[in-house]
Amino acid sequence: ICCIDEFDKMEESDRTAIHEVMEQQTVSIAKAGITTTLNCRTTVLAAANPVFGRYNPYKSPVENIDLPPALLSRFDLLFLLLDTVDGEKDKNLALHVCKVHTNYQKNDAEKKAGDDGGSPANSGIYDFKAFDASLMRHYIRKARTFEPLIDDDLQRDIVDAYVSMRDEEKHGEKDSRKSYTTPRTLLAILRLSQAHARCRWSDRVERQDFDEAIRLMKASKESVELSAPARKNANPLDIVYDIVSDLSRQKTDPDDPWVEMAHVTSMAGHKALTQEMVVEAIENWESLSVLTRNPEKTQVKFLVPAA
């Protein structure tokens with residue numbers, strides 16, 4: 001994997017070179033009298049900052065990141081990470097950063113012990129035990145030996161999904177400046193489906209691989225499309241109602257009408273609504289017998305399906 005930080009600050013010559021890398025999966029070298037072309041088959045994970053330090057939701061991602069559209073369109077997935085005010089997330093982030101610094105010397109000593117043959121531990125920084133680097137290298141090396149193929153039945157479903165995505169953008173209310181579907185999107189769905197099949201060490205792309213690829217594509221588009229600010233003087237009750245309605249319509253299982261409260265709160269944060277405002281709005285809709293929450297208050301649904 002190739003990780004690139006400050007992607008928006010690349011020089012023009014580097015941008016020209018990376019076009020070939022992401023389109024042809026090759027790198028052309030002409031140095032010291034040697035002219036050759038090398039293979040470059042790796043995943044590119046890049047991070048970029050907005051032009052003026054803060055993301056302007058009234059502009060498209062291309063205008064905010066200040067990168068050529070031809071280069072951005074070569075990424076299969078584009079996620080927008082907004083720094084919204086969320087007390088719980090802010091608290092967890094601050095605790096994690098402080099814990100890393102307070103346990104640094106202890107972790108360093110245990111890491112050296114692990115290198116000497118001992119078993120390295122996480123020292124309480126994480127709530128899980130990470131996989132060993134050697135295990136991950138063997139797993140990835142094995143997964144890359146598989147070349148999954150797509151069945152004819154699944155091929156028709158992929159074509160129908162692509163046509164449906166194009167049709168929704170044509171007749172829907174989504175801002176085409178922020179998200180649009182091109183033939184490269186179809187190739188991205190195929191690549192993601194095959195990659196998920198490789199993770200299972202499978203020679204065939206199955207339904208679960210295709211479903212996961214579509215879920216990732218939808219999550220990517222949601223992060224961009226739902227970044228628009230709320231209209232001036234908009235009622236928080238209407239905003240929360242629209243968010244729950246949109247998330248309910250996007251669910252693939254008609255027998256599961258529940259929507260996660262965490263997802264609603266996150267989407268409302270993009271509209272400048274706090275968690276308290278979301279809870280108050282849902283309580284008002286509950287008093288009107290429009291929405292209802294589960295006993296744990298972690299999920300919400302419509303008592304009567306929204307029109």
# chains A, B, ... in the order shown; residues from 1 in each chain; ligands from 1
call {"tool": "residues_around", "arguments": {"residues": "Tyr241 of chain A", "least_positions_apart": "2", "cutoff": "9 Å", "atoms": "only C-alpha atoms", "output": "list in words"}}
result
Pro236, Leu237, Asp238, Ile239, Ile243, Val244, Ser245, Asp246, Ala281, Ile282, Trp285 and Leu291 of chain A
call {"tool": "residues_around", "arguments": {"residues": "segment 69-75 of chain A", "least_positions_apart": "2", "cutoff": "10 Å", "atoms": "only C-alpha atoms", "output": "JSON, numbers by chain"}}
result
{"A": [15, 16, 18, 19, 22, 23, 43, 44, 45, 46, 61, 62, 63, 65, 66, 67, 77, 78, 180, 181, 182, 184, 185, 188]}
call {"tool": "closest_residue", "arguments": {"among": "A:Leu186, A:Met277, A:Ile34, A:Val51", "to": "Val264 of chain A", "atoms": "only C-alpha atoms"}}
result
A:Met277
call {"tool": "atom_distance", "arguments": {"atom1": "atom CA of Asp167 of chain A", "atom2": "atom CA of Asn56 of chain A"}}
result
27.6 Å
call {"tool": "closest_residue", "arguments": {"among": "A:Ala213, A:Val100, A:Ala47, A:Leu93", "to": "Ala161 of chain A", "atoms": "only C-alpha atoms"}}
result
A:Ala213
call {"tool": "closest_residue", "arguments": {"among": "A:Arg141, A:Leu187, A:His196, A:Met217", "to": "Met165 of chain A", "atoms": "only C-alpha atoms"}}
result
A:Met217
call {"tool": "residues_around", "arguments": {"residues": "Tyr139 of chain A", "least_positions_apart": "5", "cutoff": "12 Å", "atoms": "only C-alpha atoms", "output": "PyMOL selection string"}}
result
chain A and resi 131-134+144-146+198-201
call {"tool": "write_last_selection", "arguments": {"atoms": "C-alpha atoms", "output": "short mmCIF file (atom, residue, chain, number, x, y, z; two decimals), in the first residue's frame"}}
result
data_model
loop_
_atom_site.label_atom_id
_atom_site.label_comp_id
_atom_site.auth_asym_id
_atom_site.auth_seq_id
_atom_site.Cartn_x
_atom_site.Cartn_y
_atom_site.Cartn_z
CA PHE A 131 -2.42 -8.90 14.44
CA ASP A 132 1.28 -9.54 14.15
CA ALA A 133 2.98 -7.85 11.16
CA SER A 134 4.41 -11.17 9.99
CA ARG A 144 -2.84 -11.80 -3.83
CA THR A 145 -2.43 -15.22 -5.44
CA PHE A 146 -6.19 -15.42 -6.07
CA ARG A 198 -9.47 -12.15 -2.26
CA CYS A 199 -9.78 -11.38 1.45
CA ARG A 200 -11.82 -14.58 1.72
CA TRP A 201 -9.24 -16.52 -0.34
#
call {"tool": "closest_residue", "arguments": {"among": "A:Met261, A:Met10, A:Thr298, A:Gln25", "to": "Pro68 of chain A", "atoms": "only C-alpha atoms"}}
result
A:Met10
call {"tool": "atom_distance", "arguments": {"atom1": "atom CA of Ile1 of chain A", "atom2": "atom CA of Thr42 of chain A"}}
result
5.5 Å
call {"tool": "atom_distance", "arguments": {"atom1": "atom CA of Ala262 of chain A", "atom2": "atom CA of Gln299 of chain A"}}
result
8.2 Å
call {"tool": "closest_residue", "arguments": {"among": "A:Ile140, A:Ile214, A:Cys3, A:Val205", "to": "Ile189 of chain A", "atoms": "only C-alpha atoms"}}
result
A:Ile214
call {"tool": "closest_residue", "arguments": {"among": "A:Ala17, A:Ile150, A:Ala94, A:Met136", "to": "Asp209 of chain A", "atoms": "only C-alpha atoms"}}
result
A:Ile150
